[in-house]
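S.K.: Take this structure, written in structure tokens, and hold onto it; I'll ask about it next.
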Amino acid sequence: MSARRSATARRVARRERPITGSPRARELLRDSLAQARAQIATTITLILVLATVCFAVLVTTGQSAASEARIVEQIDGAGTRLIALSDNAGDADIRPEAPAQIAGISDVTWAFGLGEAVDVTNAVITDGRVAARALVGGLPAEMPLVQGRAPLPGEAVVGLQAAPTLHLGPGLGTIAAPGQDPIAVVGVFDASGPLASLANVALVSRAADDVETLRFVYVMASDVTTVERLEDVLRASTPARNPAALTVETPTGAIAVRDMIAGNLGAAARQLMAVVMGVGAVLIAVTMFAATASRRRDFGRRRALGATRSTLVAGLLAQTTVGAVLGIALGTTAGLIALQATAESLPSWQFTAGAAGLALLLTLVAATPIALHAATRDPLRILRVP
């Protein structure tokens with residue numbers, strides 16, 4: 001029984017013995033956890049400060065970032081990525097294989113071409129007339145079918161506004177140009193935004209080999225940042241007899257509006273985040289200064305027993321990290337829960353991880369000068385008895 005008590009006493013003594021010299025990482029971590037528990041008031045204060053900072057950043061800046069991403073996404077969907085190639089005078093002679101070649105470019109999501117316009121009417125009721133164009137390439141997602149199915153070569157689909165003009169009901173029907181065979185209409189599509197002009201057009205699906213020339217090619221860039229580069233590529237490499245006669249239209253106005261909105265929202269969010277982080281850094285510095293001031297005799301004793309300055313600094317920063325990590329985890333979780341309950345969307349995981357990492361980095365930056373000051377004080381002056 002006495003031997004067991006002696007072993008227990010030795011273990012307790014080892015735990016309470018201050019770290020000296022240059023300890024291993026495991027010993028340093030264990031000592032930091034022990035000091036965090038011993039200075040529970042300081043640890044709780046750090047947890048509360050970091051939790052408040054992370055919560056405030058997420059519910060303010062994080063919500064702004066999520067709103068900015070949602071607004072930019074909506075603007076991008078409205079046509080900031082659409083490029084239109086046109087042969088207005090008929091001199092460029094765009095080749096029918098152009099859409100397939102352009103769609104193979106890495107920065108392109110889809111491309112389709114339209115041929116010459118011809119007037120068509122309902123093959124049975126001829127009092128309504130719309131323009132029909134050959135369609136080379138499939139219908140993009142931005143022109144969804146609201147009725148029927150996608151056309152096969154030789155079949156047609158009509159825009160939502162063209163369908164009543166052609167007297168096409170639920171069963172659809174056929175259209176025909178003067179002196180040509182009727183063409184079956186198998187679907188109705190909706191076109192909006194920059195493609196809204198096609199809502200009053202009939203599109204007849206054709207293979208590239210069945211079309212002599214194209215008048216328009218619509219190209220969707222994969223990202224708004226690639227539009228300018230893609231414009232240069234299309235001007236130089238679009239298959240056409242006379243590329244110089246091509247007109248390339250890009251949504252420069254929409255892109256400018258997008259960049260302005262994103263820039264204004266981003267600047268306001270960054271300013272607010274800087275204020276929150278700055279206040280947090282001040283509170284962390286004050287907390288750490290008070291904590292080190294109350295432990296100055298402990299630091300002097302450790303230095304007198306052989307602890308290096310770097311060991312004291314590392315120990316203080318490790319102790320600070322313990323409280324900071326707990327506070328960041330608590331504040332981030334609470335912020336995400338609050339946004340989930342009140343906001344339309346959550347910030348991206350990149351923003352959330354970045355905010356958490358910035359808070360931890362800011363904590364260590366604020367605590368480092370105080371740890372250095374505590375570690376460089378003369379142990380003889382600290383331990384001197386008046």
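Residues in the structure tokens are numbered from 1 in each chain, the chains being A, B, ... in the order shown, and ligands are numbered from 1 in the order shown.
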Among region 133-318 of chain A, which ones does DSSP place in alpha helix (DSSP H), written as a ChimeraX atom specification?
M.R.: /A:162-165,227-237,252-294,296-304,309-318
S.K.: Just the residues within 7 Å of Thr213 (chain A), please, counting only C-alpha atoms, with nothing from its chain fewer than 5 positions along; format it as a list in words.
M.R.: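 Surrounding residues, per the criterion: Asp93, Ile94, Arg95, Pro96 and Gly115 of chain A.
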S.K.: Can I get the selected residues back with all heavy atoms, as a short mmCIF file (atom, residue, chain, number, x, y, z; two decimals), in the first residue's frame?
M.R.:
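Writing the result to result-v7.cif gives the following:
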data_model
loop_
_atom_site.label_atom_id
_atom_site.label_comp_id
_atom_site.auth_asym_id
_atom_site.auth_seq_id
_atom_site.Cartn_x
_atom_site.Cartn_y
_atom_site.Cartn_z
N ASP A 93 -19.23 34.10 -93.98
CA ASP A 93 -19.40 32.70 -94.38
C ASP A 93 -18.89 31.75 -93.29
O ASP A 93 -17.92 31.02 -93.47
CB ASP A 93 -18.67 32.43 -95.71
CG ASP A 93 -19.02 31.06 -96.27
OD1 ASP A 93 -20.04 30.48 -95.83
OD2 ASP A 93 -18.30 30.57 -97.15
N ILE A 94 -19.60 31.78 -92.13
CA ILE A 94 -19.22 30.91 -91.01
C ILE A 94 -19.50 29.46 -91.40
O ILE A 94 -20.60 29.12 -91.84
CB ILE A 94 -20.02 31.27 -89.74
CG1 ILE A 94 -19.82 32.75 -89.39
CG2 ILE A 94 -19.58 30.39 -88.57
CD1 ILE A 94 -20.68 33.22 -88.24
N ARG A 95 -18.51 28.60 -91.22
CA ARG A 95 -18.64 27.22 -91.61
C ARG A 95 -19.55 26.46 -90.63
O ARG A 95 -19.54 26.74 -89.42
CB ARG A 95 -17.28 26.52 -91.67
CG ARG A 95 -16.22 27.22 -92.52
CD ARG A 95 -16.78 27.62 -93.88
NE ARG A 95 -17.33 26.45 -94.60
CZ ARG A 95 -18.23 26.53 -95.57
NH1 ARG A 95 -18.72 27.72 -95.93
NH2 ARG A 95 -18.65 25.45 -96.17
N PRO A 96 -20.35 25.50 -91.09
CA PRO A 96 -21.28 24.77 -90.21
C PRO A 96 -20.58 23.91 -89.16
O PRO A 96 -21.21 23.54 -88.16
CB PRO A 96 -22.09 23.91 -91.19
CG PRO A 96 -21.28 23.84 -92.43
CD PRO A 96 -20.51 25.12 -92.51
N GLY A 115 -28.62 29.16 -88.81
CA GLY A 115 -28.45 29.46 -90.23
C GLY A 115 -29.29 30.64 -90.69
O GLY A 115 -29.76 31.45 -89.89
#
S.K.: Excluding same-chain residues fewer than 4 positions from Gly171 (chain A), what lies within 10 Å of it counting only C-alpha atoms, as a list in words?
M.R.: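 Counting only the stated atoms, we get Gln147, Gly148, Val185, Val186 and Gly187 of chain A.
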S.K.: Of the candidates A:Val130, A:Gly193, A:Ala123, A:Ser222, which shows the shortest atom-to-atom distance to Asp181 (chain A), using only C-alpha atoms?
M.R.: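 Result for the nearest residue to Asp181 (chain A): A:Ala123.
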S.K.: Residues at most 9 Å from Ala285 (chain A), counting only C-alpha atoms, excluding those fewer than 5 positions away in the same chain, as a PyMOL selection string?
M.R.: chain A and resi 280+290+363+366-367+369-370
S.K.: Let me make sure I understand: among A:Ala89, A:Ala162, A:Cys54, A:Val204, which one has the smallest atom-to-atom distance to Leu114 (chain A) if we use only C-alpha atoms?
M.R.: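 Between A:Ala89, A:Ala162, A:Cys54, A:Val204, the residue approaching Leu114 (chain A) most closely is A:Val204.
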S.K.: Which of these, A:Thr321, A:Asn200, A:Thr60, A:Gln271, has the shortest distance to Gly128 (chain A) once you count only C-alpha atoms?
M.R.: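 Counting only C-alpha atoms, the residue closest to Gly128 (chain A) is A:Asn200.
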